[in-house]
Amino acid sequence: MNMPISFFKYFPAPKYIGMPHVGFDISSNAIRYIELVKSPKGLTLGRFGTQELSTPVVFDDKLASNQDLILSLKKLQKANRFNFVEISIPEEKAYLFTMEIPSGESETVRNHIEFHLEENVPIALADAVFDYHIIKKGNKKGVDFASVSVVPRVVIEDYISLFEKCGMTPVSFLIENQAIARSIISLEDMGTYLVVNIGKTKTVLSVVSEQAVQFTSTVNIGGEDFATAIAKENSISKEEAEKMIRDKGFSRTENNNDFFLSLINVASALRDEIQRVYMYWLSHVDKVGKDTSAPFNILLTGRDSSIIGFREYMALSLKVPVDLANVWVNVLSFDQEIPPIEHLDSLNYATVIGLALPKSRY
């Protein structure tokens, strides 16, 4: 998240906070990074890449003590000479809530949030880092609504220690689903979306409305679960299962009924979780004065969301529009430039693109 005033009580804001930076995302199995460079024509793609990790990251452990992770980051820094970085925080390490706030100056709003913080999250104010986004002017005079995100201070300190050990200086942080929303939803778009980010081992579901993440949930279902189901059904390796999924997808024929049903069993479990979040939003949306009849689309990110027929299955099952996200919508126009990252692979870069976008846009 963008570093709030409360955090800088402990870490003074450096002068280079507005300097160009590289977006970094650490997942359980890989490090991704991307750089967006300003040019006379706008933004263009700079350095980017994915570093697979030999040992899965355990986020409950201290990252600054993970020697394999430190070694990988040091190699990336040595090869690229990265200086300033913005880092994603996993959704499960953060808290998000919506609350009424008094209309007024930022100091008034922040003081109000500080006063009510411990009513909404299980963290003492002294141990918390928070930021907020005003999402709606209230119907009552002098009252607005805000989306508030909170991260334990020890988590931020751990990331700072990790990157400084590797020769890089963190300039700010953003929760992963907030970074994804920045990259895939146009700056002018105030609509409501359910963003489904499918990773290897988990899927993060985020309701984004008026440019702010207003609800989020993590589901322990990811791309590996599709491969595991197929491998078990056919007594083959995960690598062979992944190839079968890429080739066949959700296409049903007389000869692959068992294969199809194995995929559907996993997909339906994920669909049920998406439906649960959708119904929760509709039942609680009136608390912030939203229109429950407003269009509600689903955007898919993560390469595993691009399985042949998966989007169509979700759209048919949920009876709402479902699309693959365009991670470049706030970076470039395809009429002017075609990025060197293959389209399906770009779905894995949504988080770091959101991190790398210039802060002057927000």
# chains A, B, ... in the order shown; residues from 1 in each chain; ligands from 1
call {"tool": "residues_around", "arguments": {"residues": "Ala64 of chain A", "least_positions_apart": "6", "cutoff": "6 Å", "atoms": "only C-alpha atoms", "output": "list in words"}}
result
Asp158, Ser161 and Leu162 of chain A
call {"tool": "residues_around", "arguments": {"residues": "Lys62 of chain A", "least_positions_apart": "4", "cutoff": "12 Å", "atoms": "only C-alpha atoms", "output": "list in words"}}
result
Val57, Val58, Asn66, Gln67, Leu69, Ile70, Val154, Val155, Ile156, Glu157, Asp158, Tyr159, Ile160, Ser161 and Leu162 of chain A
call {"tool": "write_last_selection", "arguments": {"atoms": "C-alpha atoms", "output": "compact mmCIF listing (two decimals), in the first residue's frame"}}
result
# COMPACT_ATOMS: atom_id res chain seq x y z
CA VAL A 57 8.14 -19.47 0.35
CA VAL A 58 6.34 -19.91 3.68
CA ASN A 66 14.92 -17.04 4.16
CA GLN A 67 18.38 -17.63 2.69
CA LEU A 69 14.90 -16.04 -1.14
CA ILE A 70 17.73 -13.67 -0.22
CA VAL A 154 6.07 -6.38 11.67
CA VAL A 155 5.16 -7.54 8.15
CA ILE A 156 6.29 -4.25 6.61
CA GLU A 157 9.48 -4.27 8.68
CA ASP A 158 10.22 -7.83 7.51
CA TYR A 159 9.96 -6.83 3.82
CA ILE A 160 12.09 -3.74 4.39
CA SER A 161 14.78 -5.85 6.07
CA LEU A 162 14.65 -8.46 3.29
call {"tool": "residues_around", "arguments": {"residues": "Trp328 of chain A", "least_positions_apart": "5", "cutoff": "8 Å", "atoms": "only C-alpha atoms", "output": "list in words"}}
result
Ser183, Ile184, Ser333 and Ile353 of chain A
call {"tool": "closest_residue", "arguments": {"among": "A:Phe334, A:Ile31, A:Leu205, A:Ala94", "to": "Asp68 of chain A", "atoms": "only C-alpha atoms"}}
result
A:Ile31
call {"tool": "closest_residue", "arguments": {"among": "A:Ser147, A:Thr218, A:Ser88, A:Thr301", "to": "Asn326 of chain A", "atoms": "only C-alpha atoms"}}
result
A:Thr301
call {"tool": "closest_residue", "arguments": {"among": "A:Glu312, A:Glu176, A:Asp335, A:Asp258", "to": "Ala231 of chain A", "atoms": "only C-alpha atoms"}}
result
A:Asp258
call {"tool": "select_by_dssp", "arguments": {"residues": "segment 188-350 of chain A", "states": "helix (DSSP H, G or I)", "output": "JSON, numbers by chain"}}
result
{"A": [223, 224, 225, 226, 227, 228, 229, 230, 231, 232, 233, 234, 238, 239, 240, 241, 242, 243, 244, 245, 246, 247, 248, 257, 258, 259, 260, 261, 262, 263, 264, 265, 266, 267, 268, 269, 270, 271, 272, 273, 274, 275, 276, 277, 278, 279, 280, 281, 282, 283, 284, 285, 286, 287, 288, 303, 304, 305, 306, 310, 311, 312, 313, 314, 315, 316, 317, 318, 343, 344, 345, 346, 347, 348, 349, 350]}
call {"tool": "closest_atom_pairs", "arguments": {"of": "segment 188-231 of chain A", "to": "segment 319-322 of chain A", "cutoff": "10 Å", "atoms": "only C-alpha atoms", "output": "Markdown table"}}
result
| residue | atom | partner | partner_atom | distance |
| --- | --- | --- | --- | --- |
| A:Tyr193 | CA | A:Val322 | CA | 9.8 |
| A:Leu194 | CA | A:Val322 | CA | 9.4 |
| A:Val195 | CA | A:Val322 | CA | 9.8 |
| A:Val196 | CA | A:Val322 | CA | 9.9 |
call {"tool": "write_last_selection", "arguments": {"atoms": "C-alpha atoms", "output": "compact mmCIF listing (two decimals), in the first residue's frame"}}
result
# COMPACT_ATOMS: atom_id res chain seq x y z
CA TYR A 193 -15.91 -5.88 -10.73
CA LEU A 194 -15.13 -9.16 -9.06
CA VAL A 195 -11.46 -9.78 -9.77
CA VAL A 196 -10.47 -13.46 -9.71
call {"tool": "closest_residue", "arguments": {"among": "A:Glu52, A:Glu107, A:Asp61, A:Pro170", "to": "Asn83 of chain A", "atoms": "only C-alpha atoms"}}
result
A:Pro170
call {"tool": "residues_around", "arguments": {"residues": "segment 117-126 of chain A", "least_positions_apart": "2", "cutoff": "12 Å", "atoms": "only C-alpha atoms", "output": "number ranges by chain"}}
result
A: 6-7, 9-10, 93-99, 101, 109-115, 128-132, 147-154
